[in-house]
>>> print(open('final_34.cif').read())   # mmCIF, C-alpha atoms
data_run
loop_
_atom_site.group_PDB
_atom_site.id
_atom_site.type_symbol
_atom_site.label_atom_id
_atom_site.label_comp_id
_atom_site.auth_asym_id
_atom_site.auth_seq_id
_atom_site.Cartn_x
_atom_site.Cartn_y
_atom_site.Cartn_z
ATOM 1 C CA ASP H 11 54.690 67.944 30.767
ATOM 2 C CA PRO H 12 53.548 65.961 33.829
ATOM 3 C CA THR H 13 51.541 62.853 33.056
ATOM 4 C CA SER H 14 48.732 61.318 35.065
ATOM 5 C CA SER H 15 49.946 57.737 34.511
ATOM 6 C CA PRO H 16 53.000 56.031 36.046
ATOM 7 C CA THR H 17 56.296 55.999 34.206
ATOM 8 C CA TYR H 18 57.610 52.686 32.921
ATOM 9 C CA PHE H 19 61.227 53.258 33.835
ATOM 10 C CA PRO H 20 62.903 54.762 36.900
ATOM 11 C CA THR H 21 63.785 58.424 36.796
ATOM 12 C CA PHE H 22 66.678 58.781 39.189
ATOM 13 C CA PHE H 23 65.699 62.359 39.998
ATOM 14 C CA PRO H 24 65.692 63.492 42.820
ATOM 15 C CA THR H 25 68.177 60.887 44.104
ATOM 16 C CA GLY H 26 70.639 61.484 41.271
ATOM 17 C CA GLY H 27 72.397 58.875 39.180
ATOM 18 C CA PRO H 28 74.228 55.968 40.780
ATOM 19 C CA SER H 29 77.814 56.740 41.746
ATOM 20 C CA GLU H 30 80.557 55.402 39.482
ATOM 21 C CA ALA H 31 82.370 54.000 42.524
ATOM 22 C CA PRO H 32 79.629 52.693 44.814
ATOM 23 C CA SER H 33 80.356 53.127 48.494
ATOM 24 C CA SER H 34 79.037 51.148 51.446
ATOM 25 C CA ILE H 35 79.300 54.257 53.618
ATOM 26 C CA THR H 36 76.709 57.012 53.693
ATOM 27 C CA PRO H 37 77.696 59.981 55.881
ATOM 28 C CA PRO H 38 75.382 60.867 58.777
ATOM 29 C CA PRO H 39 72.667 63.195 57.477
ATOM 30 C CA THR H 40 72.867 65.762 60.276
ATOM 31 C CA LYS H 41 73.240 69.299 58.906
ATOM 32 C CA PRO H 42 74.377 71.420 60.577
ATOM 33 C CA ILE H 43 76.430 69.473 63.123
ATOM 34 C CA ARG H 44 74.666 69.467 66.476
ATOM 35 C CA VAL H 45 75.470 68.457 70.030
ATOM 36 C CA TYR H 46 73.099 65.962 71.648
ATOM 37 C CA ASP H 47 72.713 64.816 75.234
ATOM 38 C CA LEU H 48 72.921 61.077 75.845
ATOM 39 C CA VAL H 49 69.692 60.160 77.632
ATOM 40 C CA PHE H 50 69.712 56.370 77.331
ATOM 41 C CA SER H 51 72.254 53.684 76.495
ATOM 42 C CA ASP H 52 72.264 49.908 76.832
ATOM 43 C CA GLU H 53 75.560 48.211 76.045
ATOM 44 C CA PHE H 54 74.312 44.697 76.920
ATOM 45 C CA ASN H 55 77.688 44.049 78.553
ATOM 46 C CA SER H 56 76.385 42.105 81.560
ATOM 47 C CA PRO H 57 76.596 38.383 80.706
ATOM 48 C CA HIS H 58 73.701 35.944 81.056
ATOM 49 C CA ARG H 59 71.065 38.674 81.071
ATOM 50 C CA THR H 60 67.563 37.498 80.111
ATOM 51 C CA PHE H 61 64.393 39.378 79.249
ATOM 52 C CA GLU H 62 61.372 37.385 80.377
ATOM 53 C CA ASP H 63 58.258 39.450 81.119
ATOM 54 C CA GLY H 64 58.931 41.459 84.290
ATOM 55 C CA LYS H 65 62.621 40.504 84.436
ATOM 56 C CA ASP H 66 64.192 43.631 82.920
ATOM 57 C CA PRO H 67 63.308 47.313 83.504
ATOM 58 C CA ARG H 68 63.968 48.277 79.868
ATOM 59 C CA TRP H 69 63.115 45.348 77.615
ATOM 60 C CA THR H 70 60.624 42.510 77.286
ATOM 61 C CA ALA H 71 61.160 39.397 75.170
ATOM 62 C CA LEU H 72 57.888 38.059 73.802
ATOM 63 C CA GLU H 73 56.601 34.592 74.635
ATOM 64 C CA LYS H 74 53.824 34.183 72.084
ATOM 65 C CA ASN H 75 52.897 33.202 68.597
ATOM 66 C CA ASP H 76 53.383 35.626 65.731
ATOM 67 C CA TYR H 77 50.811 35.304 62.972
ATOM 68 C CA THR H 78 51.437 38.668 61.299
ATOM 69 C CA ASN H 79 52.962 38.767 57.802
ATOM 70 C CA ASP H 80 52.557 34.962 57.411
ATOM 71 C CA ALA H 81 55.236 34.443 60.059
ATOM 72 C CA GLN H 82 56.595 30.885 60.206
ATOM 73 C CA HIS H 83 58.082 31.200 63.680
ATOM 74 C CA TYR H 84 57.152 31.333 67.352
ATOM 75 C CA TYR H 85 58.645 34.036 69.584
ATOM 76 C CA SER H 86 60.348 32.520 72.613
ATOM 77 C CA GLU H 87 61.657 34.577 75.519
ATOM 78 C CA LYS H 88 64.515 32.081 75.866
ATOM 79 C CA ASN H 89 65.889 33.082 72.457
ATOM 80 C CA ALA H 90 67.003 36.546 73.609
ATOM 81 C CA TYR H 91 69.941 36.827 76.018
ATOM 82 C CA THR H 92 73.378 38.365 76.453
ATOM 83 C CA ASP H 93 76.562 36.385 75.943
ATOM 84 C CA THR H 94 79.943 36.732 77.650
ATOM 85 C CA GLN H 95 81.333 38.951 74.887
ATOM 86 C CA GLY H 96 79.099 41.968 75.581
ATOM 87 C CA ASN H 97 76.495 41.188 72.917
ATOM 88 C CA LEU H 98 72.741 40.885 72.861
ATOM 89 C CA VAL H 99 71.935 37.637 71.042
ATOM 90 C CA ILE H 100 68.662 37.037 69.199
ATOM 91 C CA LYS H 101 68.705 33.365 68.293
ATOM 92 C CA SER H 102 66.726 31.869 65.400
ATOM 93 C CA GLU H 103 66.575 28.095 65.250
ATOM 94 C CA ALA H 104 64.686 25.120 63.876
ATOM 95 C CA ALA H 105 62.589 24.022 66.864
ATOM 96 C CA ASP H 106 59.018 22.753 67.087
ATOM 97 C CA LYS H 107 56.392 24.579 69.130
ATOM 98 C CA THR H 108 52.765 23.427 69.274
ATOM 99 C CA ILE H 109 50.221 26.120 70.064
ATOM 100 C CA VAL H 110 46.484 26.700 70.062
ATOM 101 C CA GLY H 111 45.590 29.856 68.196
ATOM 102 C CA PHE H 112 42.783 31.564 66.364
ATOM 103 C CA ASN H 113 42.681 31.144 62.594
ATOM 104 C CA ASP H 114 41.403 34.482 61.311
ATOM 105 C CA VAL H 115 40.642 32.971 57.891
ATOM 106 C CA LYS H 116 38.534 30.065 59.155
ATOM 107 C CA PHE H 117 37.368 32.070 62.219
ATOM 108 C CA GLU H 118 38.037 29.204 64.604
ATOM 109 C CA LYS H 119 40.622 28.001 67.090
ATOM 110 C CA GLU H 120 43.095 25.419 65.859
ATOM 111 C CA ARG H 121 46.138 23.517 67.062
ATOM 112 C CA ILE H 122 49.228 24.032 64.928
ATOM 113 C CA THR H 123 52.939 23.282 65.185
ATOM 114 C CA LYS H 124 55.464 25.902 64.167
ATOM 115 C CA HIS H 125 58.883 24.596 63.213
ATOM 116 C CA PHE H 126 61.023 27.672 63.908
ATOM 117 C CA GLN H 127 61.687 29.822 66.965
ATOM 118 C CA SER H 128 63.195 33.264 67.285
ATOM 119 C CA ALA H 129 62.894 36.278 69.580
ATOM 120 C CA MET H 130 61.532 39.808 69.570
ATOM 121 C CA LEU H 131 62.740 42.355 72.100
ATOM 122 C CA GLN H 132 60.343 45.229 72.815
ATOM 123 C CA SER H 133 60.513 48.388 74.910
ATOM 124 C CA TRP H 134 56.723 48.792 74.845
ATOM 125 C CA ASN H 135 55.358 50.816 77.790
ATOM 126 C CA LYS H 136 58.818 50.962 79.383
ATOM 127 C CA PHE H 137 60.528 53.813 77.578
ATOM 128 C CA CYS H 138 59.771 55.916 74.508
ATOM 129 C CA PHE H 139 61.789 57.704 71.839
ATOM 130 C CA THR H 140 60.274 61.071 70.937
ATOM 131 C CA GLY H 141 63.039 62.704 68.927
ATOM 132 C CA GLY H 142 66.771 63.043 68.438
ATOM 133 C CA VAL H 143 69.192 60.288 67.417
ATOM 134 C CA MET H 144 68.834 56.565 67.960
ATOM 135 C CA GLU H 145 71.734 54.297 67.017
ATOM 136 C CA ALA H 146 72.506 50.603 67.347
ATOM 137 C CA GLU H 147 75.459 48.448 66.332
ATOM 138 C CA ILE H 148 74.103 45.249 64.802
ATOM 139 C CA ALA H 149 75.459 42.205 62.975
ATOM 140 C CA LEU H 150 72.949 40.902 60.422
ATOM 141 C CA PRO H 151 72.319 37.140 60.701
ATOM 142 C CA GLY H 152 72.703 34.483 58.023
ATOM 143 C CA ARG H 153 74.252 34.854 54.586
ATOM 144 C CA HIS H 154 73.679 37.556 52.038
ATOM 145 C CA ASN H 155 72.534 35.137 49.316
ATOM 146 C CA ILE H 156 70.229 32.857 51.336
ATOM 147 C CA GLY H 157 66.717 34.094 52.045
ATOM 148 C CA GLY H 158 64.316 33.130 54.800
ATOM 149 C CA LEU H 159 65.351 35.408 57.663
ATOM 150 C CA TRP H 160 63.821 38.872 58.089
ATOM 151 C CA PRO H 161 65.893 40.833 60.626
ATOM 152 C CA ALA H 162 64.406 44.184 61.580
ATOM 153 C CA PHE H 163 65.141 47.171 63.815
ATOM 154 C CA TRP H 164 62.154 49.480 64.098
ATOM 155 C CA LEU H 165 59.959 51.807 66.136
ATOM 156 C CA LEU H 166 56.209 51.769 66.707
ATOM 157 C CA GLY H 167 54.010 54.316 68.461
ATOM 158 C CA ASN H 168 53.248 53.254 72.020
ATOM 159 C CA LEU H 169 49.458 53.132 71.568
ATOM 160 C CA ALA H 170 49.896 49.903 69.580
ATOM 161 C CA ARG H 171 51.938 46.801 70.373
ATOM 162 C CA HIS H 172 53.288 44.535 67.677
ATOM 163 C CA THR H 173 51.845 41.002 67.436
ATOM 164 C CA TYR H 174 48.901 42.158 69.583
ATOM 165 C CA VAL H 175 47.014 43.014 66.438
ATOM 166 C CA GLY H 176 43.821 44.207 68.121
ATOM 167 C CA SER H 177 45.792 47.079 69.653
ATOM 168 C CA SER H 178 46.626 48.446 66.214
ATOM 169 C CA GLU H 179 43.150 48.551 64.638
ATOM 170 C CA HIS H 180 42.400 52.148 63.615
ATOM 171 C CA ILE H 181 45.558 53.143 65.548
ATOM 172 C CA TRP H 182 48.351 51.963 63.188
ATOM 173 C CA PRO H 183 49.922 53.925 61.571
ATOM 174 C CA TRP H 184 47.873 57.074 62.168
ATOM 175 C CA SER H 185 49.697 60.363 62.687
ATOM 176 C CA SER H 186 47.143 63.114 62.240
ATOM 177 C CA SER H 187 45.693 65.815 64.427
ATOM 178 C CA VAL H 188 43.289 67.242 61.858
ATOM 179 C CA CYS H 189 39.562 66.545 61.982
ATOM 180 C CA THR H 190 38.315 65.275 58.607
ATOM 181 C CA GLU H 191 35.415 63.138 57.460
ATOM 182 C CA LYS H 192 37.828 60.204 57.154
ATOM 183 C CA SER H 193 39.586 60.637 60.513
ATOM 184 C CA LYS H 194 36.233 60.995 62.283
ATOM 185 C CA THR H 195 35.357 57.387 61.445
ATOM 186 C CA ALA H 196 38.681 55.697 60.613
ATOM 187 C CA GLN H 197 41.027 57.051 63.322
ATOM 188 C CA LEU H 198 40.232 55.697 66.781
ATOM 189 C CA VAL H 199 41.575 58.741 68.657
ATOM 190 C CA SER H 200 41.014 61.666 66.320
ATOM 191 C CA ALA H 201 41.015 65.443 66.443
ATOM 192 C CA CYS H 202 37.251 65.238 66.015
ATOM 193 C CA ASP H 203 36.865 63.894 69.553
ATOM 194 C CA ARG H 204 35.333 66.450 71.901
ATOM 195 C CA VAL H 205 35.399 64.376 75.082
ATOM 196 C CA GLN H 206 38.506 64.394 77.257
ATOM 197 C CA HIS H 207 39.246 61.093 78.975
ATOM 198 C CA TYR H 208 42.066 58.659 79.781
ATOM 199 C CA GLY H 209 44.438 61.606 79.987
ATOM 200 C CA LEU H 210 44.005 62.416 76.277
ATOM 201 C CA HIS H 211 43.193 65.986 75.313
ATOM 202 C CA ARG H 212 40.108 66.851 73.302
ATOM 203 C CA GLY H 213 40.695 67.855 69.702
ATOM 204 C CA VAL H 214 44.061 66.070 69.482
ATOM 205 C CA GLY H 215 44.554 63.077 67.193
ATOM 206 C CA ARG H 216 46.698 60.161 68.325
ATOM 207 C CA GLY H 217 48.022 57.045 66.645
ATOM 208 C CA ALA H 218 50.969 54.705 66.209
ATOM 209 C CA PRO H 219 53.081 55.466 63.136
ATOM 210 C CA GLU H 220 55.917 53.091 62.304
ATOM 211 C CA ILE H 221 59.552 53.863 61.501
ATOM 212 C CA ASP H 222 61.582 50.966 60.135
ATOM 213 C CA VAL H 223 65.256 51.755 60.585
ATOM 214 C CA PHE H 224 65.804 48.604 58.604
ATOM 215 C CA GLU H 225 64.136 45.453 57.392
ATOM 216 C CA VAL H 226 66.601 43.230 55.544
ATOM 217 C CA GLN H 227 65.952 40.753 52.755
ATOM 218 C CA ALA H 228 68.720 38.402 51.621
ATOM 219 C CA GLY H 229 68.631 36.437 48.382
ATOM 220 C CA THR H 230 69.973 36.161 44.853
ATOM 221 C CA THR H 231 67.485 38.193 42.759
ATOM 222 C CA LYS H 232 69.592 41.024 41.426
ATOM 223 C CA ALA H 233 68.660 44.556 40.422
ATOM 224 C CA ASN H 234 66.758 44.935 37.142
ATOM 225 C CA THR H 235 65.704 41.277 37.205
ATOM 226 C CA GLY H 236 62.652 39.354 38.399
ATOM 227 C CA SER H 237 60.536 41.245 40.928
ATOM 228 C CA PHE H 238 63.143 44.041 40.880
ATOM 229 C CA LEU H 239 62.988 44.458 37.112
ATOM 230 C CA LYS H 240 62.372 48.215 37.246
ATOM 231 C CA MET H 241 64.576 48.882 40.275
ATOM 232 C CA PRO H 242 68.334 49.612 40.440
ATOM 233 C CA VAL H 243 68.563 47.796 43.807
ATOM 234 C CA GLY H 244 68.066 44.042 44.263
ATOM 235 C CA GLN H 245 68.797 41.389 46.869
ATOM 236 C CA PRO H 246 70.330 41.572 49.357
ATOM 237 C CA PHE H 247 68.893 44.905 50.410
ATOM 238 C CA LEU H 248 67.980 46.957 53.445
ATOM 239 C CA SER H 249 64.604 48.697 53.426
ATOM 240 C CA SER H 250 64.050 51.832 55.526
ATOM 241 C CA SER H 251 60.479 53.076 55.797
ATOM 242 C CA TYR H 252 58.118 55.550 57.386
ATOM 243 C CA GLN H 253 54.624 54.084 57.537
ATOM 244 C CA VAL H 254 51.895 56.613 58.207
ATOM 245 C CA ALA H 255 48.165 57.277 57.836
ATOM 246 C CA PRO H 256 46.144 58.750 56.334
ATOM 247 C CA GLY H 257 47.588 57.683 52.994
ATOM 248 C CA ARG H 258 47.820 60.044 50.042
ATOM 249 C CA LEU H 259 45.748 59.472 46.941
ATOM 250 C CA PRO H 260 46.181 59.075 44.052
ATOM 251 C CA ARG H 261 49.157 56.783 44.506
ATOM 252 C CA PRO H 262 51.304 54.788 42.074
ATOM 253 C CA GLY H 263 50.486 51.136 41.559
ATOM 254 C CA ASP H 264 52.937 48.687 43.115
ATOM 255 C CA GLY H 265 55.844 48.186 40.717
ATOM 256 C CA TRP H 266 55.359 51.546 38.999
ATOM 257 C CA TRP H 267 57.400 54.703 39.444
ATOM 258 C CA PRO H 268 55.505 57.841 40.523
ATOM 259 C CA ALA H 269 54.616 60.251 37.777
ATOM 260 C CA PRO H 270 55.880 63.835 38.181
ATOM 261 C CA GLY H 271 53.833 65.527 40.879
ATOM 262 C CA GLN H 272 52.275 62.237 42.011
ATOM 263 C CA TRP H 273 52.370 61.128 45.657
ATOM 264 C CA TYR H 274 55.188 62.796 47.702
ATOM 265 C CA ASP H 275 57.510 65.485 46.348
ATOM 266 C CA ASN H 276 61.185 66.064 47.128
ATOM 267 C CA LEU H 277 61.988 62.595 48.428
ATOM 268 C CA THR H 278 65.746 62.101 48.593
ATOM 269 C CA GLY H 279 67.579 58.804 49.109
ATOM 270 C CA GLY H 280 71.149 58.094 50.142
ATOM 271 C CA MET H 281 73.924 56.482 48.134
ATOM 272 C CA ASN H 282 73.149 53.193 46.365
ATOM 273 C CA THR H 283 69.437 53.446 47.160
ATOM 274 C CA SER H 284 66.158 53.277 45.289
ATOM 275 C CA LEU H 285 62.620 54.249 46.118
ATOM 276 C CA ASN H 286 60.863 50.994 47.003
ATOM 277 C CA ILE H 287 58.318 50.895 44.197
ATOM 278 C CA ALA H 288 57.261 47.361 45.180
ATOM 279 C CA PHE H 289 55.342 48.600 48.227
ATOM 280 C CA TYR H 290 53.626 51.956 48.638
ATOM 281 C CA GLY H 291 51.490 51.056 51.638
ATOM 282 C CA THR H 292 48.462 49.174 52.891
ATOM 283 C CA TYR H 293 44.692 49.225 52.524
ATOM 284 C CA ASN H 294 43.397 48.734 56.060
ATOM 285 C CA HIS H 295 40.133 46.850 56.600
ATOM 286 C CA PHE H 296 38.955 45.155 59.786
ATOM 287 C CA ARG H 297 36.274 42.496 59.779
ATOM 288 C CA ASP H 298 34.466 43.862 62.854
ATOM 289 C CA ASP H 299 33.819 47.251 61.255
ATOM 290 C CA THR H 300 30.178 47.978 60.542
ATOM 291 C CA ASP H 301 30.665 50.554 57.771
ATOM 292 C CA PRO H 302 33.782 49.767 55.704
ATOM 293 C CA SER H 303 33.055 52.608 53.261
ATOM 294 C CA THR H 304 33.827 55.152 55.994
ATOM 295 C CA GLN H 305 36.060 53.135 58.332
ATOM 296 C CA ASP H 306 38.534 51.618 55.852
ATOM 297 C CA TYR H 307 41.636 53.693 55.156
ATOM 298 C CA TRP H 308 44.896 53.735 53.220
ATOM 299 C CA SER H 309 48.288 54.041 54.891
ATOM 300 C CA ASP H 310 51.522 54.974 53.143
ATOM 301 C CA ALA H 311 54.942 53.320 53.236
ATOM 302 C CA ILE H 312 57.544 55.900 52.253
ATOM 303 C CA SER H 313 60.360 53.454 51.742
ATOM 304 C CA TYR H 314 63.852 53.303 50.261
ATOM 305 C CA ASN H 315 65.870 50.158 49.572
ATOM 306 C CA ARG H 316 69.635 50.235 49.968
ATOM 307 C CA GLN H 317 71.897 47.769 48.215
ATOM 308 C CA LEU H 318 73.812 45.445 50.543
ATOM 309 C CA ASN H 319 76.536 42.883 49.912
ATOM 310 C CA ALA H 320 78.238 40.009 51.732
ATOM 311 C CA SER H 321 80.236 42.379 53.946
ATOM 312 C CA HIS H 322 77.076 43.581 55.680
ATOM 313 C CA PHE H 323 76.301 40.130 57.117
ATOM 314 C CA GLY H 324 77.974 38.632 60.168
ATOM 315 C CA LYS H 325 79.906 41.815 60.925
ATOM 316 C CA PHE H 326 78.868 44.711 63.119
ATOM 317 C CA HIS H 327 77.686 47.926 61.474
ATOM 318 C CA LYS H 328 76.070 51.008 62.984
ATOM 319 C CA TYR H 329 72.506 51.897 62.023
ATOM 320 C CA ARG H 330 70.878 55.146 63.078
ATOM 321 C CA ILE H 331 67.864 57.352 62.696
ATOM 322 C CA GLU H 332 67.652 61.105 63.199
ATOM 323 C CA TRP H 333 64.131 62.304 63.951
ATOM 324 C CA GLU H 334 63.184 65.942 64.281
ATOM 325 C CA LEU H 335 60.390 67.032 66.592
ATOM 326 C CA PRO H 336 57.693 69.212 64.982
ATOM 327 C CA ASP H 337 57.615 72.914 65.815
ATOM 328 C CA LYS H 338 54.238 72.490 67.494
#
>>> encode(input="final_34.cif", output="C-alpha cells")
Amino acid sequence: DPTSSPTYFPTFFPTGGPSEAPSSITPPPTKPIRVYDLVFSDEFNSPHRTFEDGKDPRWTALEKNDYTNDAQHYYSEKNAYTDTQGNLVIKSEAADKTIVGFNDVKFEKERITKHFQSAMLQSWNKFCFTGGVMEAEIALPGRHNIGGLWPAFWLLGNLARHTYVGSSEHIWPWSSSVCTEKSKTAQLVSACDRVQHYGLHRGVGRGAPEIDVFEVQAGTTKANTGSFLKMPVGQPFLSSSYQVAPGRLPRPGDGWWPAPGQWYDNLTGGMNTSLNIAFYGTYNHFRDDTDPSTQDYWSDAISYNRQLNASHFGKFHKYRIEWELPDK
C-alpha cells in the first residue's frame, strides 16, 4: 500500500533497472519520427568573432559580476570568442577582478576582488525558443575527476534575465495561467490580473520557467557513497532539469525518494540516469515583500542526473532538447 513517508532506498520504477552493459548513448526521444524546419543555426565558423554588448545580433557576452549561487567568478565579455577552428570558446581562467557590489547579507556596498574570470553568452531579448528541437555540440571543460567548474547549457523565459536577480523576483520560474489565491499574490503577472497593459493580455499568467539541458558536476564522489549514498549515479554527472512554479506539495525531503503517489507521477529517465533526489526545488522569499505568508512560494526542480565518465570531457558531444508546444 502507498505510504505517506519517503522511502529509504531507491525504487528504480518507473526508470527500470540499470542496464547490464551501460551505454553512453541514449537514442533521441522523438516518437514518432518527425520532420522539422531549420529556423536558426549558428556554426561559429567566422574566426575572431566577439560578443560585447551591441556587437552581435544574436548573442551578448556579459560584463558584470555574478553573485548568484555563491559564484566565485566574474563574467568578462573578453572570455567569449571564436577561434580559427570554427569553435565558440568560453574561457575560464585565474584572473583578479576588483569590483564594487552590494552585499545582500550585510545590506551594504563593498569592494571585493574575485580571483577567477569566465564568460556567459546570452540570447536575452534577441531571439527566443518556443518549441521544437534545440541542439548544440559541446566539449565539456576540465577533467572528469576534478571539481570546481560548473558548465551549463540552459534556457530561461525572456521575462527574466540571469544575474539580474531583480528581474526574476516573482517571475522565476512561474509557468501558470490559472488564477489562485497563491498566484494572485506570488506571481507578478498572473491570470488574476484584469488590467491589460504593456502588451500583456488580461487573465493570462506569465513567467520565466527554466530548462537546464545540462549542468555538469565533476568530482570523485561515486554513486552510493557520500552525498550520493542513496543514488545510483555519482560524480561526474550531468543534471537535466525543468524548474517551474508553483511547486507541488507535499514534496519529498531532499535526499529522500518520493513515496508512491507523492509529487509527480510517471516520470521516466533515460539510460544510466537517476532522479535527482538531492534537489527538489526552491523556497522563494524576497526581503522586500511585505506579506511573506502570501507572497512566498515553492518552485519545483524536476531533475535527472546522468552518469558521465572521462570520455565526456574534452571531446565534442551533441546535447539536445525536444520541447512540445501545448495544445492551447
>>> resolve_selection(input="final_34.cif", expression="the PyMOL selection byres ((chain H and resi 244-260) around 6)", output="count of residues only")
33
>>> closest_residue(input="final_34.cif", among="H:Tyr329, H:Phe296, H:Phe50, H:Phe323", to="Ile181 (chain H)", atoms="only C-alpha atoms")
H:Phe296
>>> closest_residue(input="final_34.cif", among="H:Pro161, H:Ser86, H:Arg44, H:Asp114", to="Asp298 (chain H)", atoms="all atoms listed in the file")
H:Asp114
>>> closest_residue(input="final_34.cif", among="H:His58, H:His83, H:Lys124, H:His295", to="Trp160 (chain H)", atoms="only C-alpha atoms")
H:His83
>>> residues_around(input="final_34.cif", residues="Glu332 (chain H)", least_positions_apart="5", cutoff="7 Å", atoms="all atoms listed in the file", output="list in words")
Gly142, Val143 and Met144 of chain H
>>> resolve_selection(input="final_34.cif", expression="the PyMOL selection byres ((chain H and resi 147) around 12)", output="list in words")
Ser51, Asp52, Glu53, Phe54, Gly96, Asn97, Leu98, Met144, Glu145, Ala146, Ile148, Ala149, Leu150, Phe163, His322, Gly324, Lys325, Phe326, His327, Lys328, Tyr329 and Arg330 of chain H
>>> atom_distance(input="final_34.cif", atom1="CA of Leu165 (chain H)", atom2="CA of Arg204 (chain H)")
29.2 Å
>>> atom_distance(input="final_34.cif", atom1="CA of Lys192 (chain H)", atom2="CA of Gly213 (chain H)")
15.0 Å
>>> atom_distance(input="final_34.cif", atom1="CA of Lys240 (chain H)", atom2="CA of Gly263 (chain H)")
13.0 Å
>>> resolve_selection(input="final_34.cif", expression="the PyMOL selection byres ((chain H and resi 287) around 8)", output="NGL selection string")
:H and (241 or 264-267 or 285-286 or 288-290)
>>> closest_residue(input="final_34.cif", among="H:Tyr91, H:Phe139, H:Tyr77, H:Phe61", to="Ile122 (chain H)", atoms="all atoms listed in the file")
H:Tyr77
>>> axis_aligned_box(input="final_34.cif", around="region 123-135 of chain H", padding_each_side="3 Å", output="JSON")
{"center_x": 58.1, "center_y": 37.0, "center_z": 70.5, "size_x": 16.3, "size_y": 33.5, "size_z": 20.6}
>>> closest_residue(input="final_34.cif", among="H:His207, H:Thr283, H:Asn75, H:Thr140", to="Phe112 (chain H)", atoms="only C-alpha atoms")
H:Asn75
>>> closest_residue(input="final_34.cif", among="H:Asp80, H:Glu87, H:Asp63, H:Glu191", to="Tyr307 (chain H)", atoms="all atoms listed in the file")
H:Glu191
>>> residues_around(input="final_34.cif", residues="Gly176 (chain H)", least_positions_apart="6", cutoff="12 Å", atoms="all atoms listed in the file", output="PyMOL selection string")
chain H and resi 78+169-170+182+296-298
>>> residues_around(input="final_34.cif", residues="His180 (chain H)", least_positions_apart="2", cutoff="7 Å", atoms="all atoms listed in the file", output="JSON, numbers by chain")
{"H": [178, 182, 196, 197, 198]}
>>> residues_around(input="final_34.cif", residues="Asp76 (chain H)", least_positions_apart="5", cutoff="8 Å", atoms="only C-alpha atoms", output="list in words")
Ala81, Gln82, His83, Tyr84, Tyr85 and Thr173 of chain H
>>> write_last_selection(input="final_34.cif", atoms="C-alpha atoms", output="compact mmCIF listing (two decimals), keeping the file's coordinate frame")
# COMPACT_ATOMS: atom_id res chain seq x y z
CA ALA H 81 55.24 34.44 60.06
CA GLN H 82 56.60 30.88 60.21
CA HIS H 83 58.08 31.20 63.68
CA TYR H 84 57.15 31.33 67.35
CA TYR H 85 58.64 34.04 69.58
CA THR H 173 51.84 41.00 67.44
